[in-house]
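**Q** Enclosed is the structure file target.cif (mmCIF, N, CA and C atoms).
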data_target
#
loop_
_atom_site.label_atom_id
_atom_site.label_comp_id
_atom_site.auth_asym_id
_atom_site.auth_seq_id
_atom_site.Cartn_x
_atom_site.Cartn_y
_atom_site.Cartn_z
N MET V 157 -4.69 4.32 -1.12
CA MET V 157 -5.00 4.19 0.29
C MET V 157 -3.80 3.56 1.01
N LEU V 158 -3.44 4.11 2.13
CA LEU V 158 -2.30 3.64 2.89
C LEU V 158 -2.61 2.33 3.59
N GLN V 159 -1.72 1.37 3.44
CA GLN V 159 -1.86 0.11 4.15
C GLN V 159 -1.34 0.29 5.57
N THR V 160 -1.87 -0.48 6.50
CA THR V 160 -1.38 -0.45 7.87
C THR V 160 0.05 -0.96 7.87
N PRO V 161 0.96 -0.24 8.51
CA PRO V 161 2.35 -0.69 8.55
C PRO V 161 2.47 -2.05 9.24
N GLN V 162 3.38 -2.86 8.74
CA GLN V 162 3.68 -4.13 9.39
C GLN V 162 4.78 -3.87 10.40
N VAL V 163 4.52 -4.17 11.66
CA VAL V 163 5.50 -3.94 12.72
C VAL V 163 5.91 -5.29 13.29
N VAL V 164 7.21 -5.56 13.26
CA VAL V 164 7.76 -6.83 13.73
C VAL V 164 8.70 -6.55 14.89
N PHE V 165 8.58 -7.32 15.96
CA PHE V 165 9.45 -7.19 17.12
C PHE V 165 10.32 -8.44 17.23
N HIS V 166 11.62 -8.25 17.41
CA HIS V 166 12.57 -9.36 17.61
C HIS V 166 13.34 -9.13 18.90
N GLY V 167 13.30 -10.11 19.78
CA GLY V 167 14.07 -10.01 21.02
C GLY V 167 13.47 -9.11 22.08
N ILE V 168 12.30 -8.54 21.82
CA ILE V 168 11.61 -7.71 22.80
C ILE V 168 10.12 -7.98 22.72
N SER V 169 9.43 -7.61 23.76
CA SER V 169 7.98 -7.79 23.79
C SER V 169 7.30 -6.75 22.90
N ARG V 170 6.16 -7.13 22.35
CA ARG V 170 5.36 -6.21 21.53
C ARG V 170 4.94 -5.03 22.38
N SER V 171 5.02 -3.83 21.82
CA SER V 171 4.69 -2.61 22.55
C SER V 171 3.61 -1.84 21.79
N PRO V 172 2.41 -1.71 22.38
CA PRO V 172 1.36 -0.92 21.73
C PRO V 172 1.77 0.54 21.53
N ALA V 173 2.56 1.10 22.44
CA ALA V 173 3.00 2.50 22.31
C ALA V 173 3.92 2.66 21.10
N VAL V 174 4.82 1.71 20.90
CA VAL V 174 5.72 1.77 19.74
C VAL V 174 4.91 1.62 18.46
N GLU V 175 3.98 0.67 18.44
CA GLU V 175 3.16 0.46 17.25
C GLU V 175 2.34 1.70 16.92
N ALA V 176 1.75 2.33 17.93
CA ALA V 176 0.96 3.55 17.69
C ALA V 176 1.83 4.67 17.14
N ALA V 177 3.04 4.82 17.69
CA ALA V 177 3.95 5.86 17.21
C ALA V 177 4.35 5.60 15.76
N ILE V 178 4.60 4.36 15.42
CA ILE V 178 4.96 4.01 14.04
C ILE V 178 3.80 4.33 13.10
N ASN V 179 2.59 3.97 13.48
CA ASN V 179 1.42 4.27 12.64
C ASN V 179 1.29 5.77 12.39
N GLU V 180 1.49 6.58 13.43
CA GLU V 180 1.40 8.04 13.28
C GLU V 180 2.49 8.57 12.35
N LYS V 181 3.70 8.06 12.51
CA LYS V 181 4.82 8.54 11.71
C LYS V 181 4.68 8.12 10.24
N VAL V 182 4.16 6.93 10.00
CA VAL V 182 3.94 6.49 8.62
C VAL V 182 2.87 7.35 7.97
N GLU V 183 1.81 7.64 8.71
CA GLU V 183 0.75 8.50 8.17
C GLU V 183 1.31 9.88 7.82
N ALA V 184 2.21 10.39 8.65
CA ALA V 184 2.82 11.69 8.38
C ALA V 184 3.65 11.66 7.09
N LEU V 185 4.27 10.53 6.79
CA LEU V 185 5.07 10.42 5.57
C LEU V 185 4.22 10.55 4.31
N THR V 186 2.96 10.20 4.40
CA THR V 186 2.10 10.28 3.21
C THR V 186 1.86 11.72 2.77
N LYS V 187 2.17 12.69 3.61
CA LYS V 187 2.06 14.10 3.22
C LYS V 187 3.06 14.42 2.11
N PHE V 188 4.15 13.66 2.07
CA PHE V 188 5.21 13.91 1.10
C PHE V 188 5.15 12.97 -0.10
N ASP V 189 4.49 11.83 0.06
CA ASP V 189 4.33 10.86 -1.02
C ASP V 189 3.00 10.14 -0.83
N SER V 190 2.01 10.56 -1.59
CA SER V 190 0.67 9.98 -1.44
C SER V 190 0.61 8.54 -1.92
N ARG V 191 1.61 8.11 -2.69
CA ARG V 191 1.65 6.72 -3.18
C ARG V 191 2.68 5.88 -2.43
N LEU V 192 2.96 6.25 -1.19
CA LEU V 192 3.94 5.54 -0.38
C LEU V 192 3.57 4.06 -0.31
N GLY V 193 4.55 3.20 -0.56
CA GLY V 193 4.31 1.76 -0.52
C GLY V 193 4.18 1.26 0.91
N ALA V 194 3.81 0.00 1.03
CA ALA V 194 3.65 -0.62 2.34
C ALA V 194 4.94 -0.51 3.14
N VAL V 195 4.81 -0.16 4.41
CA VAL V 195 5.96 0.04 5.28
C VAL V 195 6.08 -1.15 6.23
N ARG V 196 7.30 -1.68 6.32
CA ARG V 196 7.59 -2.74 7.29
C ARG V 196 8.62 -2.15 8.27
N ALA V 197 8.27 -2.15 9.54
CA ALA V 197 9.18 -1.66 10.59
C ALA V 197 9.58 -2.85 11.46
N THR V 198 10.87 -3.05 11.60
CA THR V 198 11.38 -4.13 12.44
C THR V 198 12.12 -3.50 13.61
N ILE V 199 11.67 -3.84 14.82
CA ILE V 199 12.27 -3.33 16.04
C ILE V 199 12.94 -4.53 16.72
N SER V 200 14.23 -4.44 16.95
CA SER V 200 14.93 -5.56 17.58
C SER V 200 15.88 -5.07 18.66
N GLN V 201 16.20 -6.00 19.54
CA GLN V 201 17.16 -5.71 20.60
C GLN V 201 17.99 -6.97 20.78
N ASP V 202 19.28 -6.83 20.56
CA ASP V 202 20.18 -7.96 20.72
C ASP V 202 20.85 -7.87 22.07
N GLY V 203 21.16 -9.01 22.62
CA GLY V 203 21.89 -9.02 23.89
C GLY V 203 20.99 -8.83 25.09
N HIS V 204 21.59 -8.47 26.20
CA HIS V 204 20.87 -8.29 27.46
C HIS V 204 20.08 -6.99 27.42
N GLN V 205 18.87 -7.01 27.95
CA GLN V 205 17.97 -5.86 27.85
C GLN V 205 18.50 -4.59 28.48
N THR V 206 19.36 -4.69 29.48
CA THR V 206 19.82 -3.47 30.16
C THR V 206 21.09 -2.89 29.54
N THR V 207 21.77 -3.63 28.68
CA THR V 207 23.04 -3.13 28.14
C THR V 207 23.09 -3.04 26.63
N SER V 208 22.06 -3.44 25.94
CA SER V 208 22.13 -3.46 24.48
C SER V 208 21.35 -2.29 23.87
N VAL V 209 21.49 -2.15 22.57
CA VAL V 209 20.82 -1.08 21.86
C VAL V 209 19.63 -1.63 21.09
N PHE V 210 18.71 -0.72 20.77
CA PHE V 210 17.57 -1.07 19.93
C PHE V 210 17.93 -0.79 18.48
N ASN V 211 17.52 -1.66 17.61
CA ASN V 211 17.71 -1.49 16.18
C ASN V 211 16.34 -1.26 15.55
N VAL V 212 16.22 -0.22 14.76
CA VAL V 212 14.98 0.05 14.04
C VAL V 212 15.31 0.02 12.56
N ARG V 213 14.59 -0.82 11.82
CA ARG V 213 14.78 -0.93 10.37
C ARG V 213 13.44 -0.65 9.70
N LEU V 214 13.48 0.24 8.71
CA LEU V 214 12.29 0.57 7.92
C LEU V 214 12.53 0.13 6.48
N ASP V 215 11.56 -0.57 5.91
CA ASP V 215 11.59 -0.97 4.51
C ASP V 215 10.31 -0.48 3.85
N PHE V 216 10.44 0.27 2.75
CA PHE V 216 9.26 0.75 2.04
C PHE V 216 9.65 1.22 0.65
N LYS V 217 8.65 1.53 -0.17
CA LYS V 217 8.87 2.10 -1.49
C LYS V 217 8.36 3.53 -1.50
N SER V 218 9.16 4.40 -2.09
CA SER V 218 8.76 5.79 -2.27
C SER V 218 9.03 6.15 -3.72
N SER V 219 8.01 6.59 -4.41
CA SER V 219 8.12 6.94 -5.84
C SER V 219 8.73 5.79 -6.63
N GLY V 220 8.38 4.57 -6.26
CA GLY V 220 8.84 3.40 -6.97
C GLY V 220 10.23 2.91 -6.60
N LYS V 221 10.91 3.60 -5.71
CA LYS V 221 12.26 3.21 -5.30
C LYS V 221 12.22 2.54 -3.94
N ASP V 222 12.95 1.41 -3.82
CA ASP V 222 13.05 0.73 -2.53
C ASP V 222 13.93 1.54 -1.59
N ILE V 223 13.44 1.75 -0.37
CA ILE V 223 14.18 2.50 0.64
C ILE V 223 14.35 1.60 1.86
N VAL V 224 15.56 1.53 2.38
CA VAL V 224 15.85 0.77 3.60
C VAL V 224 16.62 1.69 4.52
N ILE V 225 16.15 1.80 5.75
CA ILE V 225 16.78 2.68 6.74
C ILE V 225 17.02 1.88 8.01
N ASN V 226 18.21 2.01 8.56
CA ASN V 226 18.57 1.35 9.82
C ASN V 226 19.08 2.40 10.80
N CYS V 227 18.60 2.35 12.03
CA CYS V 227 19.08 3.25 13.09
C CYS V 227 19.18 2.48 14.40
N GLN V 228 20.12 2.91 15.24
CA GLN V 228 20.32 2.28 16.54
C GLN V 228 20.41 3.34 17.63
N ASP V 229 19.91 2.98 18.80
CA ASP V 229 20.03 3.85 19.97
C ASP V 229 19.69 3.02 21.20
N SER V 230 20.12 3.48 22.36
CA SER V 230 19.80 2.77 23.60
C SER V 230 18.35 2.99 24.01
N ASP V 231 17.67 3.97 23.38
CA ASP V 231 16.25 4.24 23.62
C ASP V 231 15.47 3.93 22.35
N VAL V 232 14.47 3.09 22.46
CA VAL V 232 13.73 2.66 21.27
C VAL V 232 13.06 3.83 20.57
N PHE V 233 12.54 4.80 21.32
CA PHE V 233 11.87 5.93 20.68
C PHE V 233 12.87 6.86 19.99
N ALA V 234 14.06 7.00 20.55
CA ALA V 234 15.09 7.81 19.89
C ALA V 234 15.51 7.16 18.58
N ALA V 235 15.69 5.84 18.59
CA ALA V 235 16.06 5.12 17.36
C ALA V 235 14.95 5.25 16.33
N MET V 236 13.71 5.13 16.78
CA MET V 236 12.57 5.24 15.88
C MET V 236 12.46 6.64 15.30
N ASN V 237 12.63 7.66 16.13
CA ASN V 237 12.57 9.05 15.64
C ASN V 237 13.66 9.32 14.61
N GLU V 238 14.87 8.83 14.87
CA GLU V 238 15.96 9.03 13.92
C GLU V 238 15.65 8.32 12.60
N ALA V 239 15.12 7.12 12.68
CA ALA V 239 14.78 6.37 11.46
C ALA V 239 13.72 7.10 10.64
N PHE V 240 12.71 7.62 11.30
CA PHE V 240 11.66 8.32 10.56
C PHE V 240 12.11 9.69 10.06
N ASP V 241 13.04 10.32 10.75
CA ASP V 241 13.62 11.57 10.24
C ASP V 241 14.35 11.29 8.92
N LYS V 242 15.12 10.21 8.90
CA LYS V 242 15.83 9.82 7.68
C LYS V 242 14.83 9.42 6.59
N ALA V 243 13.76 8.73 6.98
CA ALA V 243 12.75 8.33 6.01
C ALA V 243 12.09 9.55 5.39
N GLU V 244 11.80 10.54 6.20
CA GLU V 244 11.18 11.76 5.68
C GLU V 244 12.09 12.44 4.66
N ARG V 245 13.38 12.53 4.99
CA ARG V 245 14.32 13.14 4.04
C ARG V 245 14.37 12.35 2.73
N SER V 246 14.38 11.02 2.84
CA SER V 246 14.43 10.18 1.64
C SER V 246 13.17 10.34 0.80
N VAL V 247 12.01 10.37 1.44
CA VAL V 247 10.75 10.53 0.72
C VAL V 247 10.70 11.89 0.03
N LYS V 248 11.15 12.94 0.72
CA LYS V 248 11.17 14.28 0.12
C LYS V 248 12.11 14.32 -1.08
N GLU V 249 13.27 13.68 -0.97
CA GLU V 249 14.22 13.64 -2.08
C GLU V 249 13.63 12.92 -3.29
N GLU V 250 12.98 11.79 -3.06
CA GLU V 250 12.38 11.04 -4.17
C GLU V 250 11.24 11.83 -4.80
N ALA V 251 10.46 12.51 -3.98
CA ALA V 251 9.36 13.32 -4.53
C ALA V 251 9.91 14.47 -5.37
N ALA V 252 11.00 15.08 -4.91
CA ALA V 252 11.61 16.18 -5.67
C ALA V 252 12.16 15.68 -7.00
N LYS V 253 12.73 14.50 -7.02
CA LYS V 253 13.24 13.90 -8.27
C LYS V 253 12.09 13.68 -9.26
N GLN V 254 10.94 13.27 -8.75
CA GLN V 254 9.79 13.01 -9.62
C GLN V 254 9.25 14.28 -10.23
N ARG V 255 9.39 15.41 -9.53
CA ARG V 255 8.88 16.69 -10.03
C ARG V 255 9.80 17.33 -11.08
N GLN V 256 11.05 16.91 -11.10
CA GLN V 256 12.01 17.50 -12.05
C GLN V 256 11.68 17.05 -13.48
N PRO V 257 11.80 17.97 -14.45
CA PRO V 257 11.50 17.60 -15.84
C PRO V 257 12.55 16.69 -16.44
#
Could you express the structure from this file as structure tokens?

**A**
Amino acid sequence: MLQTPQVVFHGISRSPAVEAAINEKVEALTKFDSRLGAVRATISQDGHQTTSVFNVRLDFKSSGKDIVINCQDSDVFAAMNEAFDKAERSVKEEAAKQRQP
């Protein structure tokens, strides 16, 4: 059973929209790895809110391997989408390794 992702915000206010999007994206990852480990997503913004970038970091286990992904963008959703695109590729790669004899 999938655990609810832990979402941490640093330097920005908590966003229900970001949390909901993360929950949806984590659930989508389980299509590729039904034993996906607990996911921790850290959303941070350093510096002044109008001139800095958002950092999205994902930490989780896939097929027993620790995976850490970092992405940055001036738009939090773009950074999050890029991070989850990379996470999907990593999960698919680990699943393919597990299927090999």

**Q** Which residues are close to Val232 (chain V), i.e. within 9 Å by only C-alpha atoms, leaving aside same-chain residues fewer than 5 positions away? Reply as a ChimeraX atom specification.

**A** /V:174,199,209-212,237

**Q** So that I have them on file, write out the residues from the current selection with N, CA and C atoms, as a JSON list (two decimals), in the coordinates of the input.

**A**
[["chain", "number", "residue", "atom", "x", "y", "z"],
["V", 174, "VAL", "N", 4.82, 1.71, 20.90],
["V", 174, "VAL", "CA", 5.72, 1.77, 19.74],
["V", 174, "VAL", "C", 4.91, 1.62, 18.46],
["V", 199, "ILE", "N", 11.67, -3.84, 14.82],
["V", 199, "ILE", "CA", 12.27, -3.33, 16.04],
["V", 199, "ILE", "C", 12.94, -4.53, 16.72],
["V", 209, "VAL", "N", 21.49, -2.15, 22.57],
["V", 209, "VAL", "CA", 20.82, -1.08, 21.86],
["V", 209, "VAL", "C", 19.63, -1.63, 21.09],
["V", 210, "PHE", "N", 18.71, -0.72, 20.77],
["V", 210, "PHE", "CA", 17.57, -1.07, 19.93],
["V", 210, "PHE", "C", 17.93, -0.79, 18.48],
["V", 211, "ASN", "N", 17.52, -1.66, 17.61],
["V", 211, "ASN", "CA", 17.71, -1.49, 16.18],
["V", 211, "ASN", "C", 16.34, -1.26, 15.55],
["V", 212, "VAL", "N", 16.22, -0.22, 14.76],
["V", 212, "VAL", "CA", 14.98, 0.05, 14.04],
["V", 212, "VAL", "C", 15.31, 0.02, 12.56],
["V", 237, "ASN", "N", 12.63, 7.66, 16.13],
["V", 237, "ASN", "CA", 12.57, 9.05, 15.64],
["V", 237, "ASN", "C", 13.66, 9.32, 14.61]]

**Q** Counting all atoms listed in the file, figure out which residue out of V:Arg213, V:Arg196, V:Phe188, V:Asp229 gets nearest to Ala252 (chain V).

**A**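 Nearest candidate to Ala252 (chain V) out of V:Arg213, V:Arg196, V:Phe188, V:Asp229: V:Phe188.
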
**Q** Would you please give, as number ranges by chain, all residues of region 158-255 of chain V that DSSP assigns to strand (DSSP E) based on the backbone?

**A** V: 162-166, 196-201, 210-218, 221-229

**Q** Could you save those same residues with N, CA and C atoms as a compact mmCIF listing (two decimals), in the frame of the given file?

**A**
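Output file out24.txt is given in full below:
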# COMPACT_ATOMS: atom_id res chain seq x y z
N GLN V 162 3.38 -2.86 8.74
CA GLN V 162 3.68 -4.13 9.39
C GLN V 162 4.78 -3.87 10.40
N VAL V 163 4.52 -4.17 11.66
CA VAL V 163 5.50 -3.94 12.72
C VAL V 163 5.91 -5.29 13.29
N VAL V 164 7.21 -5.56 13.26
CA VAL V 164 7.76 -6.83 13.73
C VAL V 164 8.70 -6.55 14.89
N PHE V 165 8.58 -7.32 15.96
CA PHE V 165 9.45 -7.19 17.12
C PHE V 165 10.32 -8.44 17.23
N HIS V 166 11.62 -8.25 17.41
CA HIS V 166 12.57 -9.36 17.61
C HIS V 166 13.34 -9.13 18.90
N ARG V 196 7.30 -1.68 6.32
CA ARG V 196 7.59 -2.74 7.29
C ARG V 196 8.62 -2.15 8.27
N ALA V 197 8.27 -2.15 9.54
CA ALA V 197 9.18 -1.66 10.59
C ALA V 197 9.58 -2.85 11.46
N THR V 198 10.87 -3.05 11.60
CA THR V 198 11.38 -4.13 12.44
C THR V 198 12.12 -3.50 13.61
N ILE V 199 11.67 -3.84 14.82
CA ILE V 199 12.27 -3.33 16.04
C ILE V 199 12.94 -4.53 16.72
N SER V 200 14.23 -4.44 16.95
CA SER V 200 14.93 -5.56 17.58
C SER V 200 15.88 -5.07 18.66
N GLN V 201 16.20 -6.00 19.54
CA GLN V 201 17.16 -5.71 20.60
C GLN V 201 17.99 -6.97 20.78
N PHE V 210 18.71 -0.72 20.77
CA PHE V 210 17.57 -1.07 19.93
C PHE V 210 17.93 -0.79 18.48
N ASN V 211 17.52 -1.66 17.61
CA ASN V 211 17.71 -1.49 16.18
C ASN V 211 16.34 -1.26 15.55
N VAL V 212 16.22 -0.22 14.76
CA VAL V 212 14.98 0.05 14.04
C VAL V 212 15.31 0.02 12.56
N ARG V 213 14.59 -0.82 11.82
CA ARG V 213 14.78 -0.93 10.37
C ARG V 213 13.44 -0.65 9.70
N LEU V 214 13.48 0.24 8.71
CA LEU V 214 12.29 0.57 7.92
C LEU V 214 12.53 0.13 6.48
N ASP V 215 11.56 -0.57 5.91
CA ASP V 215 11.59 -0.97 4.51
C ASP V 215 10.31 -0.48 3.85
N PHE V 216 10.44 0.27 2.75
CA PHE V 216 9.26 0.75 2.04
C PHE V 216 9.65 1.22 0.65
N LYS V 217 8.65 1.53 -0.17
CA LYS V 217 8.87 2.10 -1.49
C LYS V 217 8.36 3.53 -1.50
N SER V 218 9.16 4.40 -2.09
CA SER V 218 8.76 5.79 -2.27
C SER V 218 9.03 6.15 -3.72
N LYS V 221 10.91 3.60 -5.71
CA LYS V 221 12.26 3.21 -5.30
C LYS V 221 12.22 2.54 -3.94
N ASP V 222 12.95 1.41 -3.82
CA ASP V 222 13.05 0.73 -2.53
C ASP V 222 13.93 1.54 -1.59
N ILE V 223 13.44 1.75 -0.37
CA ILE V 223 14.18 2.50 0.64
C ILE V 223 14.35 1.60 1.86
N VAL V 224 15.56 1.53 2.38
CA VAL V 224 15.85 0.77 3.60
C VAL V 224 16.62 1.69 4.52
N ILE V 225 16.15 1.80 5.75
CA ILE V 225 16.78 2.68 6.74
C ILE V 225 17.02 1.88 8.01
N ASN V 226 18.21 2.01 8.56
CA ASN V 226 18.57 1.35 9.82
C ASN V 226 19.08 2.40 10.80
N CYS V 227 18.60 2.35 12.03
CA CYS V 227 19.08 3.25 13.09
C CYS V 227 19.18 2.48 14.40
N GLN V 228 20.12 2.91 15.24
CA GLN V 228 20.32 2.28 16.54
C GLN V 228 20.41 3.34 17.63
N ASP V 229 19.91 2.98 18.80
CA ASP V 229 20.03 3.85 19.97
C ASP V 229 19.69 3.02 21.20

**Q** Could you tell me how far atom C of Glu183 (chain V) lies from atom N of Gln254 (chain V), in Å and to one decimal?

**A**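 One can read the atom C of Glu183 (chain V) to atom N of Gln254 (chain V) distance as 19.5 Å.
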
**Q** Closest to Ala251 (chain V) among V:Val163, V:Asp189, V:Asn179, V:Ser171, using all atoms listed in the file?

**A**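 Ranked by minimum distance to Ala251 (chain V), first place goes to V:Asp189.
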
**Q** Distance atom N of Phe165 (chain V)-CA of Lys248 (chain V), one decimal place?

**A**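 Result for atom N of Phe165 (chain V) versus CA of Lys248 (chain V): 26.9 Å, one decimal.
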
**Q** Report the distance between CA of Glu244 (chain V) and CA of Val182 (chain V) in Å, rounded to one decimal place.

**A** 9.4 Å

**Q** Near Ser218 (chain V), within 8 Å and counting only C-alpha atoms, which residues show up once chain neighbours fewer than 6 positions away are dropped, as number ranges by chain?

**A** V: 189, 191-193, 247, 250-251

**Q** Skipping near chain neighbours, those fewer than 5 positions away, what residues fall within 8 Å of region 222-227 of chain V using only N, CA and C atoms, listed as an mmCIF file with N, CA and C atoms, in the frame of the given file?

**A**
data_model
loop_
_atom_site.group_PDB
_atom_site.id
_atom_site.type_symbol
_atom_site.label_atom_id
_atom_site.label_comp_id
_atom_site.auth_asym_id
_atom_site.auth_seq_id
_atom_site.Cartn_x
_atom_site.Cartn_y
_atom_site.Cartn_z
ATOM 1 N N VAL V 209 21.490 -2.150 22.570
ATOM 2 C CA VAL V 209 20.820 -1.080 21.860
ATOM 3 C C VAL V 209 19.630 -1.630 21.090
ATOM 4 N N PHE V 210 18.710 -0.720 20.770
ATOM 5 C CA PHE V 210 17.570 -1.070 19.930
ATOM 6 C C PHE V 210 17.930 -0.790 18.480
ATOM 7 N N ASN V 211 17.520 -1.660 17.610
ATOM 8 C CA ASN V 211 17.710 -1.490 16.180
ATOM 9 C C ASN V 211 16.340 -1.260 15.550
ATOM 10 N N VAL V 212 16.220 -0.220 14.760
ATOM 11 C CA VAL V 212 14.980 0.050 14.040
ATOM 12 C C VAL V 212 15.310 0.020 12.560
ATOM 13 N N ARG V 213 14.590 -0.820 11.820
ATOM 14 C CA ARG V 213 14.780 -0.930 10.370
ATOM 15 C C ARG V 213 13.440 -0.650 9.700
ATOM 16 N N LEU V 214 13.480 0.240 8.710
ATOM 17 C CA LEU V 214 12.290 0.570 7.920
ATOM 18 C C LEU V 214 12.530 0.130 6.480
ATOM 19 N N ASP V 215 11.560 -0.570 5.910
ATOM 20 C CA ASP V 215 11.590 -0.970 4.510
ATOM 21 C C ASP V 215 10.310 -0.480 3.850
ATOM 22 N N PHE V 216 10.440 0.270 2.750
ATOM 23 C CA PHE V 216 9.260 0.750 2.040
ATOM 24 C C PHE V 216 9.650 1.220 0.650
ATOM 25 N N LYS V 217 8.650 1.530 -0.170
ATOM 26 C CA LYS V 217 8.870 2.100 -1.490
ATOM 27 C C LYS V 217 8.360 3.530 -1.500
ATOM 28 N N ALA V 234 14.060 7.000 20.550
ATOM 29 C CA ALA V 234 15.090 7.810 19.890
ATOM 30 C C ALA V 234 15.510 7.160 18.580
ATOM 31 N N ALA V 235 15.690 5.840 18.590
ATOM 32 C CA ALA V 235 16.060 5.120 17.360
ATOM 33 C C ALA V 235 14.950 5.250 16.330
ATOM 34 N N MET V 236 13.710 5.130 16.780
ATOM 35 C CA MET V 236 12.570 5.240 15.880
ATOM 36 C C MET V 236 12.460 6.640 15.300
ATOM 37 N N GLU V 238 14.870 8.830 14.870
ATOM 38 C CA GLU V 238 15.960 9.030 13.920
ATOM 39 C C GLU V 238 15.650 8.320 12.600
ATOM 40 N N ALA V 239 15.120 7.120 12.680
ATOM 41 C CA ALA V 239 14.780 6.370 11.460
ATOM 42 C C ALA V 239 13.720 7.100 10.640
ATOM 43 N N PHE V 240 12.710 7.620 11.300
ATOM 44 C CA PHE V 240 11.660 8.320 10.560
ATOM 45 C C PHE V 240 12.110 9.690 10.060
ATOM 46 N N LYS V 242 15.120 10.210 8.900
ATOM 47 C CA LYS V 242 15.830 9.820 7.680
ATOM 48 C C LYS V 242 14.830 9.420 6.590
ATOM 49 N N ALA V 243 13.760 8.730 6.980
ATOM 50 C CA ALA V 243 12.750 8.330 6.010
ATOM 51 C C ALA V 243 12.090 9.550 5.390
ATOM 52 N N SER V 246 14.380 11.020 2.840
ATOM 53 C CA SER V 246 14.430 10.180 1.640
ATOM 54 C C SER V 246 13.170 10.340 0.800
#

**Q** Could you give me, as number ranges by chain, each residue of chain V that DSSP assigns to helix (DSSP H, G or I) when run on this structure's backbone?

**A** V: 172-185, 232-255

**Q** Counting only C-alpha atoms, which residue out of V:Gln159, V:Ser208, V:Gln228, V:Gln256 sits closest to Ala194 (chain V)?

**A**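 With only C-alpha atoms as the atom set, the closest residue is V:Gln159.
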
**Q** Would you please work out which residue, of V:Arg245, V:Gly220, V:Phe233, V:Thr198, is nearest to His166 (chain V) when using only N, CA and C atoms?

**A** V:Thr198

**Q** Go through V:Asp231, V:Asp241, V:Arg255, V:Ile168 one by one, measure the shortest atom-to-atom distance of each to Ser200 (chain V) using only N, CA and C atoms, and give the residue with the smallest value.

**A**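 Distance minimum relative to Ser200 (chain V) lands on V:Ile168.
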
**Q** Select, from V:Glu175, V:Asp202, V:Glu249, V:Ala197, the residue with the minimum atom-to-atom distance to Lys221 (chain V), counting only C-alpha atoms.

**A**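 Of V:Glu175, V:Asp202, V:Glu249, V:Ala197, the one nearest Lys221 (chain V) is V:Glu249, counting only C-alpha atoms.
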